[in-house]
$ cat data-v7.txt   # compact mmCIF, C-alpha atoms
# COMPACT_ATOMS: atom_id res chain seq x y z
CA MET A 69 -9.45 -29.56 14.63
CA LYS A 70 -9.32 -26.52 12.36
CA ILE A 71 -11.47 -23.52 13.27
CA LEU A 72 -11.98 -20.55 10.94
CA VAL A 73 -12.74 -17.27 12.72
CA ILE A 74 -14.45 -14.57 10.64
CA ASN A 75 -14.92 -10.97 11.72
CA THR A 76 -17.03 -9.03 9.21
CA GLY A 77 -17.30 -5.24 9.12
CA SER A 78 -19.36 -2.94 6.95
CA SER A 79 -16.52 -2.76 4.38
CA SER A 80 -14.02 -5.29 5.69
CA LEU A 81 -13.54 -8.98 6.40
CA LYS A 82 -10.87 -10.32 8.74
CA TYR A 83 -10.19 -14.03 9.13
CA ASP A 84 -7.88 -16.41 10.98
CA LEU A 85 -7.51 -20.16 10.57
CA PHE A 86 -6.63 -21.95 13.84
CA GLU A 87 -5.28 -25.40 14.53
CA MET A 88 -6.90 -25.98 17.91
CA THR A 89 -4.64 -28.84 18.95
CA ASN A 90 -2.04 -26.26 19.97
CA GLU A 91 -4.16 -23.11 19.46
CA SER A 92 -1.85 -21.86 16.72
CA VAL A 93 -2.77 -19.59 13.81
CA LEU A 94 -2.10 -21.37 10.52
CA PHE A 95 -3.05 -18.45 8.32
CA GLY A 96 -4.84 -15.13 8.45
CA GLY A 97 -5.92 -12.24 6.33
CA GLN A 98 -7.80 -8.99 6.16
CA ILE A 99 -9.76 -7.64 3.22
CA GLU A 100 -10.33 -3.88 3.41
CA GLY A 101 -12.37 -1.49 1.28
CA ILE A 102 -15.03 -3.97 0.16
CA GLY A 103 -17.19 -2.26 -2.45
CA LEU A 104 -14.79 0.66 -2.63
CA HIS A 105 -12.13 1.66 -5.13
CA GLY A 106 -8.71 0.37 -4.16
CA SER A 107 -9.71 -2.58 -1.95
CA THR A 108 -6.81 -4.62 -0.53
CA HIS A 109 -6.16 -8.11 0.81
CA ALA A 110 -3.38 -8.58 3.37
CA THR A 111 -2.44 -12.21 4.04
CA GLY A 112 0.10 -14.13 6.09
CA VAL A 113 0.90 -15.24 9.61
CA GLY A 114 2.04 -12.67 12.15
CA CYS A 115 2.74 -8.97 11.81
CA GLY A 116 6.15 -9.35 10.24
CA ASN A 117 5.26 -11.82 7.50
CA GLN A 118 2.38 -10.35 5.53
CA THR A 119 1.72 -9.79 1.84
CA LEU A 120 -0.50 -6.95 0.67
CA GLN A 121 -2.30 -7.23 -2.66
CA ARG A 122 -4.76 -4.90 -4.34
CA ARG A 123 -7.96 -6.65 -5.33
CA ALA A 124 -11.27 -5.60 -6.87
CA VAL A 125 -13.68 -6.84 -4.19
CA ASN A 126 -17.15 -5.58 -5.05
CA ASP A 127 -19.22 -7.04 -2.19
CA HIS A 128 -19.05 -9.42 0.78
CA GLY A 129 -19.82 -12.40 -1.42
CA ALA A 130 -16.73 -11.61 -3.50
CA ALA A 131 -14.75 -11.12 -0.29
CA LEU A 132 -15.72 -14.60 0.92
CA ASP A 133 -14.74 -16.11 -2.43
CA GLU A 134 -11.41 -14.31 -2.18
CA MET A 135 -10.86 -15.60 1.35
CA LEU A 136 -11.82 -19.22 0.61
CA ASN A 137 -9.82 -19.39 -2.62
CA THR A 138 -6.80 -18.03 -0.76
CA LEU A 139 -7.17 -20.66 1.98
CA ILE A 140 -7.46 -23.50 -0.53
CA MET A 141 -4.40 -22.27 -2.43
CA GLY A 142 -2.51 -21.93 0.86
CA PRO A 143 -2.92 -23.92 4.09
CA LEU A 144 -5.89 -26.08 3.01
CA CYS A 145 -6.40 -28.71 0.35
CA SER A 146 -10.17 -28.59 0.77
CA LEU A 147 -12.76 -26.65 2.73
CA ASP A 148 -13.79 -30.00 4.22
CA GLU A 149 -10.76 -29.67 6.52
CA ILE A 150 -12.55 -26.87 8.40
CA THR A 151 -14.38 -28.35 11.38
CA GLY A 152 -16.05 -25.18 12.63
CA VAL A 153 -16.54 -21.55 11.70
CA ALA A 154 -16.80 -18.87 14.39
CA HIS A 155 -18.79 -15.89 13.10
CA ARG A 156 -18.35 -12.77 15.15
CA VAL A 157 -21.64 -10.96 15.69
CA GLY A 158 -21.71 -7.60 17.42
CA HIS A 159 -24.78 -8.48 19.44
CA GLY A 160 -26.64 -11.78 19.67
CA GLY A 161 -29.72 -10.29 21.30
CA LYS A 162 -31.27 -12.80 23.69
CA TYR A 163 -28.50 -15.27 22.84
CA LEU A 164 -25.73 -13.99 25.10
CA GLY A 165 -23.31 -16.88 24.78
CA PRO A 166 -21.97 -18.65 21.67
CA ARG A 167 -24.75 -20.37 19.73
CA LEU A 168 -24.96 -22.90 16.94
CA VAL A 169 -26.35 -20.97 13.98
CA THR A 170 -30.00 -21.82 13.41
CA PRO A 171 -32.91 -20.00 11.74
CA ASP A 172 -33.90 -18.70 15.21
CA VAL A 173 -30.42 -17.25 15.75
CA ILE A 174 -30.51 -15.57 12.32
CA ALA A 175 -33.93 -14.11 13.11
CA GLU A 176 -32.64 -12.71 16.41
CA LEU A 177 -29.65 -11.16 14.66
CA GLN A 178 -31.99 -9.51 12.17
CA ARG A 179 -34.00 -8.10 15.08
CA MET A 180 -30.81 -6.52 16.42
CA VAL A 181 -29.87 -4.76 13.16
CA PRO A 182 -31.14 -1.31 14.32
CA PHE A 183 -28.64 -1.40 17.18
CA ILE A 184 -25.64 -2.16 14.93
CA PRO A 185 -26.84 -0.91 11.53
CA LEU A 186 -23.45 -0.74 9.83
CA HIS A 187 -22.10 -4.16 10.75
CA LEU A 188 -24.90 -6.65 11.41
CA PRO A 189 -26.38 -6.75 7.88
CA ALA A 190 -22.96 -7.66 6.50
CA MET A 191 -22.42 -10.17 9.32
CA ILE A 192 -25.75 -11.89 8.64
CA ARG A 193 -25.07 -12.05 4.91
CA GLU A 194 -21.62 -13.51 5.58
CA ILE A 195 -23.06 -16.22 7.84
CA GLU A 196 -25.69 -17.21 5.30
CA LEU A 197 -23.16 -17.43 2.48
CA CYS A 198 -20.68 -19.42 4.56
CA ARG A 199 -23.34 -21.94 5.53
CA MET A 200 -23.99 -22.53 1.83
CA LEU A 201 -20.31 -22.71 0.89
CA MET A 202 -19.31 -24.91 3.87
CA PRO A 203 -22.42 -26.98 4.64
CA ASP A 204 -20.56 -29.68 6.59
CA ALA A 205 -18.83 -27.30 9.01
CA VAL A 206 -20.30 -26.35 12.39
CA HIS A 207 -21.24 -22.67 12.24
CA VAL A 208 -21.25 -20.79 15.54
CA ALA A 209 -22.32 -17.21 16.23
CA VAL A 210 -19.99 -15.76 18.86
CA ASN A 211 -21.34 -12.71 20.66
CA ASP A 212 -19.20 -9.69 21.54
CA ALA A 213 -21.48 -8.81 24.46
CA TRP A 214 -21.22 -12.14 26.34
CA PHE A 215 -18.53 -10.91 28.74
CA HIS A 216 -20.74 -8.06 29.97
CA SER A 217 -23.67 -10.24 31.03
CA THR A 218 -22.45 -9.84 34.64
CA ILE A 219 -23.05 -6.06 34.70
CA PRO A 220 -25.61 -5.41 37.47
CA ASP A 221 -29.01 -3.93 36.65
CA GLU A 222 -28.29 -0.59 38.30
CA ALA A 223 -25.32 -0.11 35.95
CA ALA A 224 -27.16 -1.46 32.92
CA VAL A 225 -30.54 0.29 33.10
CA TYR A 226 -31.33 3.51 31.24
CA GLY A 227 -33.41 6.27 32.79
CA LEU A 228 -36.30 5.54 30.43
CA PRO A 229 -39.79 4.27 31.31
CA TYR A 230 -39.33 0.92 33.04
CA ARG A 231 -41.26 -0.97 30.36
CA TYR A 232 -38.33 -0.63 27.94
CA PHE A 233 -36.07 -2.39 30.42
CA LEU A 234 -38.61 -5.02 31.53
CA ASP A 235 -40.47 -5.83 28.30
CA LYS A 236 -37.90 -5.12 25.60
CA GLY A 237 -34.67 -5.79 27.45
CA TYR A 238 -33.14 -2.45 26.50
CA ARG A 239 -30.03 -2.15 28.67
CA ARG A 240 -26.32 -1.55 28.53
CA THR A 241 -24.89 -4.66 26.94
CA GLY A 242 -21.46 -3.50 25.85
CA TYR A 243 -19.05 -4.72 23.18
CA HIS A 244 -15.37 -5.71 22.77
CA GLY A 245 -16.00 -8.49 25.29
CA PHE A 246 -13.50 -10.86 23.68
CA SER A 247 -10.77 -8.24 23.91
CA HIS A 248 -11.50 -7.13 27.48
CA PHE A 249 -11.59 -10.75 28.65
CA TYR A 250 -8.40 -11.76 26.84
CA VAL A 251 -6.23 -8.82 27.91
CA SER A 252 -7.37 -8.98 31.53
CA ALA A 253 -6.41 -12.66 31.71
CA LYS A 254 -3.12 -11.91 29.95
CA ALA A 255 -2.34 -9.11 32.40
CA ALA A 256 -3.02 -11.37 35.39
CA GLU A 257 -0.76 -14.05 33.91
CA PHE A 258 1.99 -11.46 33.29
CA LEU A 259 1.81 -10.25 36.89
CA GLY A 260 1.69 -13.76 38.35
CA ARG A 261 -1.71 -13.10 39.92
CA THR A 262 -5.18 -14.58 39.53
CA LEU A 263 -8.04 -12.60 38.06
CA LYS A 264 -9.98 -13.03 41.30
CA GLU A 265 -7.35 -10.95 43.08
CA LEU A 266 -7.47 -7.97 40.74
CA LYS A 267 -9.46 -4.84 39.98
CA ILE A 268 -8.76 -4.00 36.36
CA ILE A 269 -9.66 -1.13 34.05
CA SER A 270 -9.32 -2.21 30.43
CA CYS A 271 -9.17 0.43 27.67
CA HIS A 272 -9.81 -1.04 24.21
CA LEU A 273 -8.97 1.90 21.97
CA GLY A 274 -9.29 1.53 18.22
CA ASN A 275 -11.64 2.53 15.43
CA GLY A 276 -14.25 1.21 17.86
CA ALA A 277 -13.44 1.95 21.49
CA SER A 278 -14.70 1.08 24.96
CA ILE A 279 -13.54 0.90 28.55
CA CYS A 280 -14.47 -1.90 30.94
CA ALA A 281 -14.33 -2.21 34.73
CA ILE A 282 -13.39 -5.78 35.67
CA ASN A 283 -13.69 -6.99 39.27
CA CYS A 284 -12.46 -10.48 40.14
CA GLY A 285 -12.52 -11.43 36.46
CA LYS A 286 -16.07 -10.21 35.83
CA SER A 287 -17.26 -7.20 33.87
CA VAL A 288 -19.16 -4.85 36.17
CA ASP A 289 -19.47 -1.82 33.89
CA THR A 290 -18.52 -0.68 30.41
CA THR A 291 -18.84 2.46 28.32
CA MET A 292 -20.68 1.08 25.30
CA GLY A 293 -24.42 0.60 25.61
CA MET A 294 -27.16 -1.25 23.76
CA SER A 295 -25.85 0.15 20.50
CA ALA A 296 -22.25 0.63 19.39
CA LEU A 297 -22.49 4.42 19.69
CA GLU A 298 -22.36 5.18 23.40
CA GLY A 299 -19.24 6.11 25.33
CA LEU A 300 -15.90 7.17 23.87
CA ILE A 301 -15.24 9.16 20.71
CA MET A 302 -14.33 6.62 18.01
CA GLY A 303 -13.02 6.60 14.45
CA THR A 304 -16.26 7.68 12.79
CA ARG A 305 -18.74 7.18 15.65
CA SER A 306 -19.76 10.02 17.91
CA GLY A 307 -19.71 8.44 21.34
CA ASP A 308 -21.81 10.22 23.97
CA VAL A 309 -24.06 12.98 22.65
CA ASP A 310 -26.83 14.84 24.48
CA ALA A 311 -30.06 13.23 23.21
CA GLY A 312 -31.78 16.61 23.43
CA LEU A 313 -29.19 18.12 21.10
CA LEU A 314 -29.85 15.41 18.52
CA LEU A 315 -33.57 16.23 18.59
CA VAL A 316 -32.76 19.88 17.92
CA ILE A 317 -30.39 19.00 15.05
CA MET A 318 -32.99 16.72 13.48
CA LYS A 319 -35.55 19.54 13.51
CA GLU A 320 -33.13 22.24 12.34
CA GLU A 321 -31.89 20.21 9.39
CA SER A 322 -35.11 18.28 8.67
CA MET A 323 -33.07 15.14 9.17
CA SER A 324 -34.59 11.68 8.81
CA PRO A 325 -33.71 8.86 11.24
CA ASP A 326 -31.64 7.19 8.52
CA SER A 327 -29.71 10.41 7.92
CA LEU A 328 -29.06 10.73 11.65
CA VAL A 329 -27.73 7.16 11.74
CA GLU A 330 -25.42 8.00 8.82
CA MET A 331 -24.10 11.07 10.64
CA LEU A 332 -23.59 9.41 14.02
CA TYR A 333 -21.96 6.24 12.70
CA LYS A 334 -20.03 7.38 9.61
CA GLU A 335 -19.42 11.14 9.75
CA SER A 336 -18.59 11.76 13.41
CA GLY A 337 -15.81 10.83 15.84
CA LEU A 338 -12.19 11.51 14.92
CA LEU A 339 -13.12 11.97 11.27
CA GLY A 340 -15.90 14.44 11.95
CA LEU A 341 -13.89 16.49 14.45
CA SER A 342 -10.54 16.53 12.66
CA GLY A 343 -11.67 16.67 9.04
CA VAL A 344 -8.47 14.69 8.41
CA SER A 345 -9.05 10.99 9.02
CA ARG A 346 -10.66 8.36 11.21
CA ASN A 347 -7.18 6.92 11.71
CA MET A 348 -5.54 8.14 14.92
CA GLN A 349 -2.05 7.88 13.42
CA GLU A 350 -3.00 10.35 10.69
CA VAL A 351 -4.79 12.60 13.18
CA GLU A 352 -1.66 12.63 15.35
CA GLU A 353 0.53 13.56 12.38
CA ALA A 354 -1.75 16.50 11.56
CA TYR A 355 -1.86 17.50 15.24
CA ARG A 356 1.94 17.59 15.43
CA LYS A 357 1.97 19.85 12.36
CA GLY A 358 -0.32 22.31 14.14
CA ASN A 359 -3.67 21.44 12.55
CA ILE A 360 -6.22 23.03 14.91
CA ARG A 361 -9.06 20.58 14.27
CA ALA A 362 -6.76 17.56 14.52
CA THR A 363 -5.48 18.94 17.83
CA LEU A 364 -9.04 19.26 19.10
CA ALA A 365 -9.89 15.71 17.97
CA PHE A 366 -6.80 14.25 19.64
CA ASN A 367 -7.37 16.12 22.90
CA ALA A 368 -11.11 15.34 22.99
CA PHE A 369 -10.47 11.62 22.39
CA CYS A 370 -7.92 11.45 25.21
CA TYR A 371 -10.10 13.52 27.55
CA LYS A 372 -13.03 11.14 27.12
CA VAL A 373 -10.78 8.17 27.92
CA LYS A 374 -9.43 9.95 31.02
CA ARG A 375 -12.96 10.83 32.15
CA TYR A 376 -14.21 7.27 31.87
CA VAL A 377 -11.10 5.77 33.50
CA GLY A 378 -11.95 8.01 36.46
CA SER A 379 -15.54 6.80 36.56
CA MET A 380 -14.46 3.15 36.40
CA LEU A 381 -12.04 3.82 39.26
CA MET A 382 -15.00 4.87 41.40
CA VAL A 383 -17.08 1.87 40.26
CA LEU A 384 -14.33 -0.52 41.33
CA GLY A 385 -13.37 1.39 44.47
CA GLY A 386 -9.73 1.21 43.44
CA CYS A 387 -7.58 -0.21 40.67
CA ASP A 388 -4.69 -2.67 40.54
CA VAL A 389 -4.11 -2.70 36.79
CA LEU A 390 -4.83 -0.29 33.93
CA ILE A 391 -4.62 -1.83 30.45
CA PHE A 392 -4.24 -0.13 27.08
CA THR A 393 -5.11 -2.32 24.11
CA GLY A 394 -6.58 -2.12 20.59
CA GLY A 395 -4.95 -0.45 17.60
CA ILE A 396 -4.59 2.94 19.33
CA GLY A 397 -4.02 1.67 22.85
CA GLU A 398 -1.24 -0.67 21.73
CA ASN A 399 0.51 1.65 19.30
CA SER A 400 0.11 5.27 20.43
CA PRO A 401 2.45 6.34 23.26
CA SER A 402 1.11 9.88 22.81
CA VAL A 403 -2.47 8.82 23.59
CA ARG A 404 -1.38 6.81 26.63
CA SER A 405 0.67 9.72 27.91
CA LYS A 406 -2.08 12.28 27.36
CA VAL A 407 -4.73 10.11 29.01
CA LEU A 408 -2.66 9.76 32.19
CA GLU A 409 -1.38 13.33 32.25
CA GLY A 410 -1.88 14.66 35.79
CA ALA A 411 -3.24 11.35 37.09
CA ASP A 412 -0.34 10.55 39.45
CA GLY A 413 -2.39 11.80 42.40
CA VAL A 414 -4.87 8.94 41.96
CA GLY A 415 -2.17 6.33 41.45
CA PHE A 416 -1.60 6.26 37.67
CA LEU A 417 1.94 7.17 36.63
CA ILE A 418 3.81 5.99 33.56
CA ASP A 419 7.51 5.90 32.80
CA GLU A 420 7.75 8.03 29.66
CA GLU A 421 10.95 6.37 28.49
CA LEU A 422 9.34 2.93 28.70
CA ASN A 423 6.13 4.26 27.18
CA ARG A 424 8.00 5.56 24.12
CA SER A 425 10.53 2.78 23.70
CA GLN A 426 8.59 -0.43 24.38
CA ARG A 427 6.90 -2.06 21.40
CA LEU A 428 4.38 -4.88 21.39
CA SER A 429 4.76 -7.91 19.12
CA SER A 430 3.46 -11.47 18.88
CA ASN A 431 6.43 -12.57 20.98
CA HIS A 432 6.25 -9.60 23.34
CA SER A 433 2.53 -9.24 23.97
CA VAL A 434 2.60 -7.40 27.32
CA VAL A 435 4.76 -4.43 28.32
CA ASP A 436 4.87 -2.71 31.70
CA ILE A 437 5.05 1.06 31.23
CA SER A 438 4.44 1.94 34.89
CA ALA A 439 6.73 4.32 36.71
CA SER A 440 8.35 2.76 39.78
CA SER A 441 6.27 5.05 42.03
CA SER A 442 2.93 4.22 40.36
CA ARG A 443 0.41 2.61 42.70
CA VAL A 444 -1.34 1.04 39.70
CA LYS A 445 0.34 -1.26 37.21
CA VAL A 446 -0.03 0.33 33.76
CA LEU A 447 0.29 -2.19 30.95
CA ALA A 448 0.03 -2.20 27.17
CA VAL A 449 -1.31 -5.58 26.06
CA LYS A 450 -1.63 -6.95 22.55
CA THR A 451 -5.16 -8.24 22.20
CA PHE A 452 -6.03 -11.57 20.59
CA GLU A 453 -9.82 -11.62 20.39
CA GLU A 454 -9.84 -14.29 17.72
CA LEU A 455 -8.41 -16.93 20.07
CA ILE A 456 -11.35 -16.52 22.48
CA MET A 457 -13.78 -16.81 19.55
CA ALA A 458 -12.02 -19.94 18.30
CA ARG A 459 -12.20 -21.51 21.78
CA GLN A 460 -15.93 -20.81 22.06
CA CYS A 461 -16.52 -22.39 18.65
CA ARG A 462 -14.41 -25.41 19.60
CA ASP A 463 -16.48 -25.88 22.77
CA ILE A 464 -19.70 -26.00 20.72
CA VAL A 465 -18.14 -28.46 18.28
CA GLU A 466 -17.03 -30.74 21.12
CA LYS A 467 -20.42 -30.50 22.82
CA LEU A 468 -22.17 -31.58 19.61
CA LYS A 469 -19.68 -34.41 19.17
CA ASN A 470 -20.32 -35.65 22.71
CA GLU A 471 -24.07 -35.50 22.08
CA GLY A 472 -23.56 -37.59 18.92
CA LYS A 473 -24.79 -34.89 16.52
$ encode --input "data-v7.txt" --output "structure tokens"
Amino acid sequence: MKILVINTGSSSLKYDLFEMTNESVLFGGQIEGIGLHGSTHATGVGCGNQTLQRRAVNDHGAALDEMLNTLIMGPLCSLDEITGVAHRVGHGGKYLGPRLVTPDVIAELQRMVPFIPLHLPAMIREIELCRMLMPDAVHVAVNDAWFHSTIPDEAAVYGLPYRYFLDKGYRRTGYHGFSHFYVSAKAAEFLGRTLKELKIISCHLGNGASICAINCGKSVDTTMGMSALEGLIMGTRSGDVDAGLLLVIMKEESMSPDSLVEMLYKESGLLGLSGVSRNMQEVEEAYRKGNIRATLAFNAFCYKVKRYVGSMLMVLGGCDVLIFTGGIGENSPSVRSKVLEGADGVGFLIDEELNRSQRLSSNHSVVDISASSSRVKVLAVKTFEELIMARQCRDIVEKLKNEGK
């Protein structure tokens, strides 16, 4: 069984082709800068065996053509070999678990567009095009928020009139569920423990970022809310902002709701603070050269992570494992060190030599950077969200097969 996993962003498309017999990745790629000058297509298997090509990719339709043509010229003879396609959707609305794509599912995704305005329109378009291009495959919408369905009401509710919670279902739903689930299970496996034994704080730090409190394998709180804005400072997203301040800014600058969305999603975060980049590596380089705004952006990012790790510690009533994952969490020793600076009194202490020297890879997906005196195991874990998506798609395919559909 071959499963194609597609993760569509506002200007990107990432894909992985799995052979589910042994859960191996046959091929993968990432198209960046869709609709922008200088778009690129990286292809290959694994971090050390990739080819980067510059391509003129004008829209998501062209990106899909590029992806499918590449697959046919590479690991596939025909698209008919693809049994199922897992389409990552940021939020499935009332459909919390993986769902076979139907007109009702598409309609629900369209209803959720205001909560993820940058990504969902592209995701919906991608699903519709793929269904036309691969009509015989089973198309499954896999929902990033599924893992957080166990968050209790008192942690999920907003302090708004109750009707918004009761009638509209507006609540903290969270994101990065595939990553938080995968790395927590990987950490438990690495430590020779079961998830039911552990209290875990998982920090997914990347262009999008969130922290999750995991108790006995279940998500009990997370920093992202109903939209993808709440919580940590991100690449171009603001994270937490005083709602009253936004009302003042809108009045002062005669700002429309659409302009506010543009500012909060595209012009804020690391980019907005540093004036340098949304990329933490570039922000760090500027910070080390003494750039004042880059220094502020770096410190503010790390402070927010530290603050929320502390809140999740209280939610759990203790912590056995702290995980750093995502592009920043996996690759920035400086961020990990800054986040845990001064935290030895509450049990978090890293070995700086291990923190700086250990590197994650496909063959070395978990590293222990804890100091010997740390009460909490501090791990860096390479995430593999796509595998969880592929498994969920496979389960739907097998269910349909068993039902004779």
$ atom_distance --input "data-v7.txt" --atom1 "CA of Leu72 (chain A)" --atom2 "CA of Ala458 (chain A)"
7.4 Å
$ residues_around --input "data-v7.txt" --residues "Leu381 (chain A)" --least-positions-apart "5" --cutoff "8 Å" --atoms "all atoms listed in the file" --output "number ranges by chain"
A: 269, 281, 386-387
$ residues_near_point --input "data-v7.txt" --point "(-3.0, 11.2, 26.8)" --cutoff "9 Å" --atoms "only C-alpha atoms" --output "ChimeraX atom specification"
/A:366-367,369-371,373-374,401-409
$ closest_residue --input "data-v7.txt" --among "A:Tyr250, A:Tyr376, A:Tyr163, A:Tyr226" --to "Ser278 (chain A)" --atoms "only C-alpha atoms"
A:Tyr376
$ residues_around --input "data-v7.txt" --residues "Ile150 (chain A)" --least-positions-apart "3" --cutoff "9 Å" --atoms "all atoms listed in the file" --output "ChimeraX atom specification"
/A:69-72,85,144,146-147,153,202,204-206
$ residues_around --input "data-v7.txt" --residues "Leu164 (chain A)" --least-positions-apart "4" --cutoff "9 Å" --atoms "all atoms listed in the file" --output "list in words"
His159, Gly160, Val210, Asn211, Asp212, Ala213, Trp214, Phe215 and Ser217 of chain A
$ atom_distance --input "data-v7.txt" --atom1 "CA of Gln121 (chain A)" --atom2 "CA of Gly106 (chain A)"
10.1 Å
$ closest_residue --input "data-v7.txt" --among "A:Ser80, A:Asn347, A:Ser342, A:Asn399" --to "Ala362 (chain A)" --atoms "all atoms listed in the file"
A:Ser342
$ axis_aligned_box --input "data-v7.txt" --around "region 309-312 of chain A" --padding-each-side "5 Å" --output "AutoDock Vina command-line options"
--center_x -27.9 --center_y 14.8 --center_z 23.6 --size_x 17.7 --size_y 13.6 --size_z 11.8
$ residues_around --input "data-v7.txt" --residues "Asp419 (chain A)" --least-positions-apart "5" --cutoff "12 Å" --atoms "all atoms listed in the file" --output "ChimeraX atom specification"
/A:401,404-405,408-409,412,424-426,435-442,445-447
$ atom_distance --input "data-v7.txt" --atom1 "CA of Asn359 (chain A)" --atom2 "CA of Ser400 (chain A)"
18.4 Å
$ closest_residue --input "data-v7.txt" --among "A:Leu263, A:Ile140, A:Ile192, A:Cys280" --to "Gly77 (chain A)" --atoms "only C-alpha atoms"
A:Ile192
$ build_atoms --input "data-v7.txt" --residues "region 413-426 of chain A" --atoms "N, CA and C atoms" --output "tab-separated table (two decimals), in the frame of the given file"
chain	number	residue	atom	x	y	z
A	413	GLY	N	-1.77	11.66	41.09
A	413	GLY	CA	-2.39	11.80	42.40
A	413	GLY	C	-3.40	10.72	42.73
A	414	VAL	N	-3.93	10.05	41.72
A	414	VAL	CA	-4.87	8.94	41.96
A	414	VAL	C	-4.23	7.60	41.63
A	415	GLY	N	-2.89	7.60	41.53
A	415	GLY	CA	-2.17	6.33	41.45
A	415	GLY	C	-1.69	5.89	40.09
A	416	PHE	N	-2.00	6.65	39.03
A	416	PHE	CA	-1.60	6.26	37.67
A	416	PHE	C	-0.40	7.09	37.22
A	417	LEU	N	0.73	6.45	37.04
A	417	LEU	CA	1.94	7.17	36.63
A	417	LEU	C	2.75	6.27	35.70
A	418	ILE	N	3.04	6.79	34.52
A	418	ILE	CA	3.81	5.99	33.56
A	418	ILE	C	5.24	6.49	33.46
A	419	ASP	N	6.12	5.59	33.09
A	419	ASP	CA	7.51	5.90	32.80
A	419	ASP	C	7.58	6.28	31.33
A	420	GLU	N	7.82	7.56	31.05
A	420	GLU	CA	7.75	8.03	29.66
A	420	GLU	C	8.79	7.37	28.77
A	421	GLU	N	9.94	7.04	29.31
A	421	GLU	CA	10.95	6.37	28.49
A	421	GLU	C	10.47	4.98	28.08
A	422	LEU	N	9.89	4.24	29.04
A	422	LEU	CA	9.34	2.93	28.70
A	422	LEU	C	8.15	3.06	27.76
A	423	ASN	N	7.32	4.04	28.00
A	423	ASN	CA	6.13	4.26	27.18
A	423	ASN	C	6.51	4.49	25.72
A	424	ARG	N	7.58	5.23	25.49
A	424	ARG	CA	8.00	5.56	24.12
A	424	ARG	C	8.84	4.47	23.47
A	425	SER	N	9.57	3.72	24.28
A	425	SER	CA	10.53	2.78	23.70
A	425	SER	C	10.00	1.36	23.55
A	426	GLN	N	9.07	0.95	24.43
A	426	GLN	CA	8.59	-0.43	24.38
A	426	GLN	C	7.63	-0.63	23.22
